[in-house]
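Notes follow once the structure below has been shown.
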Amino acid sequence: MTAADIIAMRRALELAADAAAASEIPVGAVVLDAEGRIFAEGRNNREATGDPTGHAEVEALRAAAASAGSWNLEGNTLVVTLEPCLMCAGAILQARISRVVFGAWDDKAGAAGSMYDVLRDRRLPYRAEVIGGIQADDAAALLRDFFEQRR
């Protein structure tokens, strides 16, 4: 974990809070370039768009690919507040993201070490370094508060 990862997680948490304020599940994501600078970001927007792929990771990957002018994001890091799901893990690998840093673990749908470990599966042609549990308490609190308000 680097200082840039911590700064990026703070921004991802801000994006997650923005998502919650918009009645979206509070997940935020940013993409860092090889030097550790944020150059793309996203947050959940599934409710607003009606798009089932409107996860923070997918939104951040789309923005990063547009900014880079290429789908190949090798050498970059995705920082996200919640462990990626299967869909997002697949998108991360398709984009060739080199590192994934996440906050809260997702014991129900996580695909980066809890339920599944897709990002590091040796049977696949590409793998990513995974660092989990960064500011996990803050990320989990956003999720917990969001769902408690809806019960």
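Each chain in the structure tokens gets a letter, A, B, ..., in the order shown, and its residues are numbered from 1; ligands are numbered from 1 in order too.
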List every residue of stretch 37-98 of chain A that has an atom at most 10 Å from any atom of stretch 107-128 of chain A, and for each one report the closest atom pair and its distance in Å to one decimal, counting only C-alpha atoms, with rows sorted by chain and then by increasing residue number, as a Markdown table.
```
| residue | atom | partner | partner_atom | distance |
| --- | --- | --- | --- | --- |
| A:Glu74 | CA | A:Ala128 | CA | 9.6 |
| A:Thr77 | CA | A:Ala128 | CA | 9.2 |
| A:Leu82 | CA | A:Gly110 | CA | 8.4 |
| A:Glu83 | CA | A:Gly110 | CA | 5.4 |
| A:Pro84 | CA | A:Gly110 | CA | 5.7 |
| A:Cys85 | CA | A:Gly110 | CA | 4.8 |
| A:Leu86 | CA | A:Ala111 | CA | 5.2 |
| A:Met87 | CA | A:Ala111 | CA | 8.6 |
| A:Cys88 | CA | A:Ala111 | CA | 8.4 |
| A:Ala89 | CA | A:Leu119 | CA | 6.1 |
| A:Gly90 | CA | A:Val118 | CA | 7.6 |
| A:Ile92 | CA | A:Leu119 | CA | 7.9 |
| A:Leu93 | CA | A:Tyr126 | CA | 6.4 |
| A:Gln94 | CA | A:Tyr126 | CA | 8.3 |
| A:Ala95 | CA | A:Tyr126 | CA | 9.8 |
| A:Arg96 | CA | A:Tyr126 | CA | 7.1 |
| A:Ile97 | CA | A:Ala128 | CA | 6.5 |
| A:Ser98 | CA | A:Ala128 | CA | 4.8 |
```
Exercise. Among chain A, which residues carry a DSSP assignment of strand (DSSP E), reported as a ChimeraX atom specification?
Worked result: /A:28-32,38-43,77-82,99-104,129-131
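Distance check against A:Ala140 using only C-alpha atoms: of A:Gly36, A:Pro26, A:Gly50, A:Gly42, the minimum falls on A:Pro26.
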Seminar exercise, completed: Residue with the minimum atom-to-atom distance to A:Asp18, picked from A:Ser70, A:Thr53, A:Gln149, A:Asn45 with only C-alpha atoms counted, is A:Asn45
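Counting only C-alpha atoms, the residue from A:Leu143, A:Ala48, A:Val30, A:Ala104 that sits nearest to A:Leu15 is A:Val30.
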Problem set entry | Test item: residues at most 12 Å from A:Asn76, only C-alpha atoms, excluding those fewer than 3 positions along its chain, as JSON, numbers by chain | {"A": [5, 30, 31, 32, 33, 34, 35, 36, 37, 38, 39, 40, 60, 61, 64, 65, 68, 71, 72, 73, 79, 92, 93, 95, 96, 97, 98, 99, 100, 101, 128, 129]}
Output file for the selection above: N, CA and C atoms, as an mmCIF file, in the first residue's frame:
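The result, written out as out_17.cif:
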```
data_model
loop_
_atom_site.group_PDB
_atom_site.id
_atom_site.type_symbol
_atom_site.label_atom_id
_atom_site.label_comp_id
_atom_site.auth_asym_id
_atom_site.auth_seq_id
_atom_site.Cartn_x
_atom_site.Cartn_y
_atom_site.Cartn_z
ATOM 1 N N ASP A 5 -2.378 5.398 -2.542
ATOM 2 C CA ASP A 5 -3.540 4.529 -2.331
ATOM 3 C C ASP A 5 -4.456 5.117 -1.262
ATOM 4 N N VAL A 30 -11.755 4.999 -7.965
ATOM 5 C CA VAL A 30 -10.873 5.863 -8.743
ATOM 6 C C VAL A 30 -9.799 4.997 -9.397
ATOM 7 N N VAL A 31 -9.247 5.515 -10.488
ATOM 8 C CA VAL A 31 -8.138 4.840 -11.165
ATOM 9 C C VAL A 31 -6.914 5.742 -11.063
ATOM 10 N N LEU A 32 -5.810 5.134 -10.651
ATOM 11 C CA LEU A 32 -4.526 5.831 -10.541
ATOM 12 C C LEU A 32 -3.631 5.432 -11.696
ATOM 13 N N ASP A 33 -2.874 6.401 -12.217
ATOM 14 C CA ASP A 33 -1.886 6.071 -13.242
ATOM 15 C C ASP A 33 -0.652 5.470 -12.568
ATOM 16 N N ALA A 34 0.339 5.133 -13.349
ATOM 17 C CA ALA A 34 1.547 4.476 -12.824
ATOM 18 C C ALA A 34 2.290 5.331 -11.809
ATOM 19 N N GLU A 35 2.098 6.655 -11.860
ATOM 20 C CA GLU A 35 2.745 7.555 -10.905
ATOM 21 C C GLU A 35 1.893 7.797 -9.658
ATOM 22 N N GLY A 36 0.717 7.183 -9.597
ATOM 23 C CA GLY A 36 -0.142 7.324 -8.428
ATOM 24 C C GLY A 36 -1.082 8.505 -8.459
ATOM 25 N N ARG A 37 -1.288 9.093 -9.629
ATOM 26 C CA ARG A 37 -2.205 10.228 -9.765
ATOM 27 C C ARG A 37 -3.587 9.738 -10.198
ATOM 28 N N ILE A 38 -4.614 10.305 -9.590
ATOM 29 C CA ILE A 38 -5.993 9.974 -9.983
ATOM 30 C C ILE A 38 -6.254 10.564 -11.362
ATOM 31 N N PHE A 39 -6.714 9.723 -12.295
ATOM 32 C CA PHE A 39 -7.059 10.258 -13.606
ATOM 33 C C PHE A 39 -8.445 9.837 -14.079
ATOM 34 N N ALA A 40 -9.152 9.060 -13.259
ATOM 35 C CA ALA A 40 -10.529 8.696 -13.596
ATOM 36 C C ALA A 40 -11.245 8.305 -12.311
ATOM 37 N N ALA A 60 -15.622 3.865 -13.392
ATOM 38 C CA ALA A 60 -14.239 4.351 -13.320
ATOM 39 C C ALA A 60 -13.399 3.778 -14.462
ATOM 40 N N LEU A 61 -13.597 2.509 -14.785
ATOM 41 C CA LEU A 61 -12.852 1.893 -15.894
ATOM 42 C C LEU A 61 -13.217 2.543 -17.226
ATOM 43 N N ALA A 64 -11.515 5.866 -17.327
ATOM 44 C CA ALA A 64 -10.069 5.694 -17.495
ATOM 45 C C ALA A 64 -9.722 5.326 -18.932
ATOM 46 N N ALA A 65 -10.489 4.432 -19.523
ATOM 47 C CA ALA A 65 -10.236 4.033 -20.916
ATOM 48 C C ALA A 65 -10.424 5.228 -21.849
ATOM 49 N N ALA A 68 -7.422 7.518 -21.309
ATOM 50 C CA ALA A 68 -6.181 6.932 -21.834
ATOM 51 C C ALA A 68 -6.242 6.712 -23.345
ATOM 52 N N TRP A 71 -8.460 0.682 -24.150
ATOM 53 C CA TRP A 71 -9.058 -0.225 -23.174
ATOM 54 C C TRP A 71 -7.983 -0.842 -22.280
ATOM 55 N N ASN A 72 -6.745 -0.859 -22.738
ATOM 56 C CA ASN A 72 -5.658 -1.512 -22.010
ATOM 57 C C ASN A 72 -5.116 -0.563 -20.937
ATOM 58 N N LEU A 73 -5.425 -0.864 -19.691
ATOM 59 C CA LEU A 73 -5.049 -0.015 -18.565
ATOM 60 C C LEU A 73 -3.952 -0.654 -17.714
ATOM 61 N N VAL A 79 -8.806 1.776 -7.213
ATOM 62 C CA VAL A 79 -9.065 1.873 -5.780
ATOM 63 C C VAL A 79 -10.572 1.993 -5.619
ATOM 64 N N ILE A 92 -12.298 -5.669 -14.628
ATOM 65 C CA ILE A 92 -10.953 -5.284 -14.197
ATOM 66 C C ILE A 92 -9.907 -6.087 -14.955
ATOM 67 N N LEU A 93 -10.124 -7.394 -15.059
ATOM 68 C CA LEU A 93 -9.169 -8.239 -15.780
ATOM 69 C C LEU A 93 -9.174 -7.929 -17.268
ATOM 70 N N ALA A 95 -9.664 -5.114 -18.594
ATOM 71 C CA ALA A 95 -8.976 -3.828 -18.760
ATOM 72 C C ALA A 95 -7.484 -3.926 -18.452
ATOM 73 N N ARG A 96 -7.053 -5.068 -17.949
ATOM 74 C CA ARG A 96 -5.638 -5.305 -17.618
ATOM 75 C C ARG A 96 -5.131 -4.406 -16.480
ATOM 76 N N ILE A 97 -6.034 -4.042 -15.565
ATOM 77 C CA ILE A 97 -5.627 -3.287 -14.381
ATOM 78 C C ILE A 97 -4.601 -4.116 -13.616
ATOM 79 N N SER A 98 -3.512 -3.490 -13.203
ATOM 80 C CA SER A 98 -2.424 -4.225 -12.545
ATOM 81 C C SER A 98 -2.625 -4.418 -11.044
ATOM 82 N N ARG A 99 -3.254 -3.428 -10.396
ATOM 83 C CA ARG A 99 -3.455 -3.500 -8.949
ATOM 84 C C ARG A 99 -4.879 -3.097 -8.618
ATOM 85 N N VAL A 100 -5.431 -3.765 -7.594
ATOM 86 C CA VAL A 100 -6.739 -3.401 -7.067
ATOM 87 C C VAL A 100 -6.589 -3.230 -5.557
ATOM 88 N N VAL A 101 -6.996 -2.065 -5.086
ATOM 89 C CA VAL A 101 -6.979 -1.747 -3.661
ATOM 90 C C VAL A 101 -8.435 -1.505 -3.273
ATOM 91 N N ALA A 128 -4.340 -9.683 -11.242
ATOM 92 C CA ALA A 128 -4.044 -8.378 -10.637
ATOM 93 C C ALA A 128 -3.557 -8.581 -9.209
ATOM 94 N N GLU A 129 -2.685 -7.706 -8.771
ATOM 95 C CA GLU A 129 -2.318 -7.667 -7.359
ATOM 96 C C GLU A 129 -3.529 -7.130 -6.597
#
```
